[in-house]
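J.: Can you keep this structure in mind? I'll have questions shortly.
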Amino acid sequence: MNLIIKLLLNALAVFVLANVLSGVQVDGYASAIIVAVVLSILNLLVKPLLVILTLPITIVTLGLFLLVINAAIILFADKLIDGFSVVNIWWAILFSILLSILQSVLHSFMKTDKEKV
């Protein structure tokens, strides 16, 4: 149940950011749900591989290269999903940063009472 709620909150974050940022477009809330699912799958399967392959440059840049990896995953999701589009890598980086912040805020509301104690 928690997974479904987190996916719906992620979809809400994608939908809100697509309406705020002019370089990111989502056709509707159904597309936002698909984007949230695809981004979750890509973050689970592709991101660890990319992080391992680019570990030297990530260390040299003190972790800032992870923003590029996140943007690449978002652009890959753009290619996979018809109802989702990102203009370029700069919009993808901004979208990635704002999506992480908004997800953190939304997921902080999900904390149960035993996690708060």
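Residues are named by chain letter and number: chains run A, B, ... in the order of the structure tokens, numbers start at 1 in each chain, and ligands are numbered from 1 in the order shown.
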Residues within 10 Å of Ser31 (chain A), please, as a PyMOL selection string. Count only C-alpha atoms; anything in the same chain fewer than 6 positions from it doesn't count.
T.: chain A and resi 11+14-15+25+37+81-84
J.: Name the closest residue to Ile34 (chain A) among the candidates A:Leu80, A:Val60, A:Leu66, A:Ala18; distances are taken between atoms, counting only C-alpha atoms.
T.: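 Looking at the shortest contact to Ile34 (chain A), the residue is A:Leu80.
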J.: Mind checking DSSP for chain A and telling me the strand (DSSP E) residues as a list in words?
T.: Val24, Gln25, Val26, Phe84, Ser85 and Val86 of chain A
J.: Kindly indicate which residue among A:Val87, A:Ile4, A:Leu106, A:Ala13 lies nearest to Ala71 (chain A), using only C-alpha atoms for the distances.
T.: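 When distances to Ala71 (chain A) are compared using only C-alpha atoms, the smallest one comes from A:Val87.
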J.: Please compute the CA of Ile33 (chain A)-CA of Leu49 (chain A) distance, one decimal, in Å.
T.: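 Answer for the CA of Ile33 (chain A) to CA of Leu49 (chain A) separation: 24.5 Å.
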J.: Calculate how many Å separate CA of Ser85 (chain A) from CA of Val20 (chain A), rounding to one decimal.
T.: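 Going from CA of Ser85 (chain A) over to CA of Val20 (chain A), I get 13.9 Å.
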J.: May I have the residues within 10 Å of Asn70 (chain A) as an mmCIF file with N, CA and C atoms, in the first residue's frame, using only C-alpha atoms and disregarding those fewer than 5 positions away in the same chain?
T.:
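Once everything was written out, this is part22.cif:
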data_model
loop_
_atom_site.group_PDB
_atom_site.id
_atom_site.type_symbol
_atom_site.label_atom_id
_atom_site.label_comp_id
_atom_site.auth_asym_id
_atom_site.auth_seq_id
_atom_site.Cartn_x
_atom_site.Cartn_y
_atom_site.Cartn_z
ATOM 1 N N LEU A 39 10.200 6.130 -14.175
ATOM 2 C CA LEU A 39 11.353 6.694 -13.481
ATOM 3 C C LEU A 39 11.768 5.826 -12.298
ATOM 4 N N LEU A 42 13.557 2.803 -13.838
ATOM 5 C CA LEU A 42 14.873 3.189 -14.345
ATOM 6 C C LEU A 42 15.848 3.494 -13.208
ATOM 7 N N ASN A 43 15.356 4.130 -12.144
ATOM 8 C CA ASN A 43 16.212 4.400 -10.999
ATOM 9 C C ASN A 43 16.619 3.118 -10.282
ATOM 10 N N LYS A 47 20.130 3.208 -12.994
ATOM 11 C CA LYS A 47 20.956 4.168 -12.265
ATOM 12 C C LYS A 47 22.134 3.519 -11.534
ATOM 13 N N LEU A 50 24.863 2.912 -14.075
ATOM 14 C CA LEU A 50 25.496 4.154 -14.515
ATOM 15 C C LEU A 50 26.398 4.749 -13.437
ATOM 16 N N VAL A 51 25.980 4.644 -12.196
ATOM 17 C CA VAL A 51 26.792 5.174 -11.096
ATOM 18 C C VAL A 51 28.105 4.398 -10.991
ATOM 19 N N PHE A 65 28.361 14.924 -10.777
ATOM 20 C CA PHE A 65 28.035 14.199 -11.998
ATOM 21 C C PHE A 65 26.757 13.377 -11.837
ATOM 22 N N LEU A 75 15.803 12.012 -19.451
ATOM 23 C CA LEU A 75 15.746 12.088 -20.917
ATOM 24 C C LEU A 75 15.465 10.727 -21.537
ATOM 25 N N PHE A 76 15.957 9.653 -20.916
ATOM 26 C CA PHE A 76 15.654 8.300 -21.386
ATOM 27 C C PHE A 76 14.169 8.000 -21.197
ATOM 28 N N ILE A 89 18.807 18.879 -21.816
ATOM 29 C CA ILE A 89 19.415 18.352 -20.588
ATOM 30 C C ILE A 89 19.340 19.356 -19.443
ATOM 31 N N ALA A 92 16.106 18.996 -17.897
ATOM 32 C CA ALA A 92 16.091 17.706 -17.205
ATOM 33 C C ALA A 92 16.819 17.808 -15.859
ATOM 34 N N ILE A 93 17.936 18.542 -15.821
ATOM 35 C CA ILE A 93 18.654 18.726 -14.555
ATOM 36 C C ILE A 93 17.800 19.514 -13.570
ATOM 37 N N PHE A 95 14.522 19.829 -13.606
ATOM 38 C CA PHE A 95 13.396 18.964 -13.259
ATOM 39 C C PHE A 95 13.821 17.929 -12.221
ATOM 40 N N SER A 96 14.993 17.365 -12.386
ATOM 41 C CA SER A 96 15.495 16.350 -11.458
ATOM 42 C C SER A 96 15.691 16.928 -10.058
ATOM 43 N N ILE A 97 16.294 18.109 -9.979
ATOM 44 C CA ILE A 97 16.535 18.735 -8.681
ATOM 45 C C ILE A 97 15.216 19.072 -7.991
#
J.: State, in Å with one decimal place, the distance from CA of Lys6 (chain A) to CA of Ile52 (chain A).
T.: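 Result for CA of Lys6 (chain A) versus CA of Ile52 (chain A): 26.5 Å, one decimal.
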